[in-house]
file structure28.txt (compact mmCIF, C-alpha atoms)
# COMPACT_ATOMS: atom_id res chain seq x y z
CA MET A 1 29.28 -34.38 132.43
CA GLU A 2 29.15 -38.06 131.65
CA GLN A 3 25.48 -37.85 130.69
CA GLU A 4 26.45 -35.46 127.92
CA GLY A 5 29.32 -37.67 126.74
CA VAL A 6 32.00 -35.33 128.06
CA GLN A 7 35.08 -37.05 129.45
CA LYS A 8 36.02 -36.02 132.97
CA ASN A 9 39.56 -34.72 133.25
CA GLU A 10 41.42 -31.83 134.87
CA VAL A 11 40.33 -29.43 132.11
CA THR A 12 36.62 -30.22 132.28
CA PHE A 13 36.62 -30.24 136.08
CA SER A 14 38.51 -26.93 136.25
CA SER A 15 36.14 -25.37 133.72
CA THR A 16 33.11 -26.54 135.67
CA ILE A 17 34.56 -25.26 138.96
CA SER A 18 35.22 -21.94 137.26
CA ALA A 19 31.61 -21.83 136.05
CA CYS A 20 30.47 -22.43 139.64
CA GLU A 21 32.72 -19.57 140.76
CA LYS A 22 31.17 -17.25 138.18
CA SER A 23 27.64 -18.21 139.21
CA GLY A 24 28.38 -17.84 142.93
CA ASN A 25 27.92 -21.53 143.72
CA TRP A 26 30.90 -22.07 146.01
CA LYS A 27 29.48 -25.20 147.62
CA MET A 28 29.24 -26.98 144.26
CA ALA A 29 32.77 -25.81 143.43
CA LEU A 30 34.04 -27.52 146.59
CA GLU A 31 32.07 -30.66 145.82
CA LEU A 32 33.63 -30.82 142.35
CA LEU A 33 37.12 -30.29 143.76
CA GLN A 34 36.53 -33.20 146.14
CA GLN A 35 35.09 -35.30 143.31
CA MET A 36 38.30 -34.71 141.35
CA LYS A 37 40.28 -36.17 144.22
CA ASN A 38 37.87 -39.07 144.76
CA GLU A 39 38.05 -40.04 141.09
CA GLY A 40 41.83 -39.74 140.90
CA THR A 41 41.84 -36.74 138.58
CA ALA A 42 44.85 -34.49 139.08
CA GLN A 43 43.90 -31.42 141.07
CA THR A 44 45.62 -28.53 139.37
CA ALA A 45 46.43 -25.02 140.57
CA ILE A 46 43.74 -23.82 138.14
CA ALA A 47 41.08 -25.93 139.86
CA TYR A 48 42.21 -24.87 143.32
CA ASN A 49 42.33 -21.20 142.31
CA ALA A 50 38.81 -21.37 140.87
CA ALA A 51 37.54 -22.96 144.11
CA ILE A 52 39.32 -20.31 146.21
CA SER A 53 37.79 -17.60 144.05
CA ALA A 54 34.34 -19.19 144.39
CA CYS A 55 34.65 -19.05 148.17
CA LYS A 56 35.84 -15.46 147.89
CA LYS A 57 32.71 -14.53 145.97
CA GLY A 58 30.64 -16.47 148.49
CA LEU A 59 32.18 -14.38 151.29
CA ASN A 60 33.71 -17.44 152.90
CA PRO A 61 37.35 -16.58 153.63
CA SER A 62 37.87 -19.45 156.05
CA LYS A 63 37.00 -21.97 153.30
CA SER A 64 39.38 -20.15 150.94
CA LEU A 65 42.17 -20.61 153.47
CA GLU A 66 41.19 -24.23 154.03
CA ILE A 67 41.44 -24.92 150.29
CA PHE A 68 44.79 -23.13 150.18
CA ASN A 69 46.14 -25.32 152.99
CA THR A 70 44.90 -28.46 151.24
CA MET A 71 46.49 -27.24 148.02
CA LYS A 72 49.88 -26.95 149.74
CA GLN A 73 49.47 -30.33 151.48
CA GLU A 74 48.76 -31.95 148.11
CA GLY A 75 51.97 -30.46 146.70
CA VAL A 76 50.26 -28.08 144.26
CA THR A 77 52.28 -24.89 143.88
CA PRO A 78 50.31 -21.70 144.56
CA ALA A 79 50.57 -18.91 142.00
CA VAL A 80 50.43 -15.15 142.44
CA ILE A 81 46.70 -15.25 141.66
CA THR A 82 46.26 -17.73 144.53
CA TYR A 83 47.64 -15.26 147.06
CA SER A 84 45.76 -12.38 145.48
CA ASP A 85 42.44 -14.22 145.74
CA LEU A 86 43.17 -15.23 149.34
CA ILE A 87 43.83 -11.64 150.35
CA SER A 88 40.73 -10.50 148.47
CA ALA A 89 38.63 -13.25 150.13
CA CYS A 90 39.72 -12.05 153.55
CA GLU A 91 38.94 -8.45 152.62
CA LYS A 92 35.51 -9.25 151.19
CA GLY A 93 34.66 -11.41 154.19
CA GLN A 94 35.82 -8.62 156.52
CA GLN A 95 38.47 -10.92 157.94
CA TRP A 96 41.51 -8.75 157.20
CA LYS A 97 43.45 -10.27 160.12
CA LEU A 98 43.42 -13.63 158.31
CA ALA A 99 45.15 -11.97 155.36
CA LEU A 100 48.10 -11.17 157.61
CA GLU A 101 48.69 -14.87 158.24
call {"tool": "encode", "arguments": {"input": "structure28.txt", "output": "structure tokens"}}
result
Amino acid sequence: MEQEGVQKNEVTFSSTISACEKSGNWKMALELLQQMKNEGTAQTAIAYNAAISACKKGLNPSKSLEIFNTMKQEGVTPAVITYSDLISACEKGQQWKLALE
């Protein structure tokens, strides 16, 4: 981002994480979420939701749940879409028992 003269903030990070989600690159989405934290950029529900969705598309429900737990620990309020994506991640990853938690 910086090479292109784009300022890093919660909007640009969230947009980039969302692009990773759409391209199926869940590992990069997680790296960007961590980079937000490392650089002191506020991690928003939008960024967390995009990362959860990226893991859902990558068939990694355990990572989705891990992100959700971190989200709650950081004091970010989950939205309806957060829970919907978590349930969907468990379903897609054939881990329906996790959805019951």
call {"tool": "atom_distance", "arguments": {"input": "structure28.txt", "atom1": "atom CA of Thr41 of chain A", "atom2": "atom CA of Glu10 of chain A"}}
result
6.2 Å
call {"tool": "residues_around", "arguments": {"input": "structure28.txt", "residues": "segment 52-68 of chain A", "least_positions_apart": "4", "cutoff": "10 Å", "atoms": "only C-alpha atoms", "output": "ChimeraX atom specification"}}
result
/A:17-30,33,45-48,72-74,76-78,81-96,98-99,101
call {"tool": "atom_distance", "arguments": {"input": "structure28.txt", "atom1": "atom CA of Phe13 of chain A", "atom2": "atom CA of Val80 of chain A"}}
result
21.4 Å
call {"tool": "closest_residue", "arguments": {"input": "structure28.txt", "among": "A:Gly75, A:Ser15, A:Ala51, A:Lys8", "to": "Glu39 of chain A", "atoms": "only C-alpha atoms"}}
result
A:Lys8
call {"tool": "closest_residue", "arguments": {"input": "structure28.txt", "among": "A:Ala50, A:Gln35, A:Gln43, A:Ser14", "to": "Thr70 of chain A", "atoms": "only C-alpha atoms"}}
result
A:Gln43
call {"tool": "closest_residue", "arguments": {"input": "structure28.txt", "among": "A:Met71, A:Thr16, A:Val6, A:Val11", "to": "Asn49 of chain A", "atoms": "only C-alpha atoms"}}
result
A:Met71
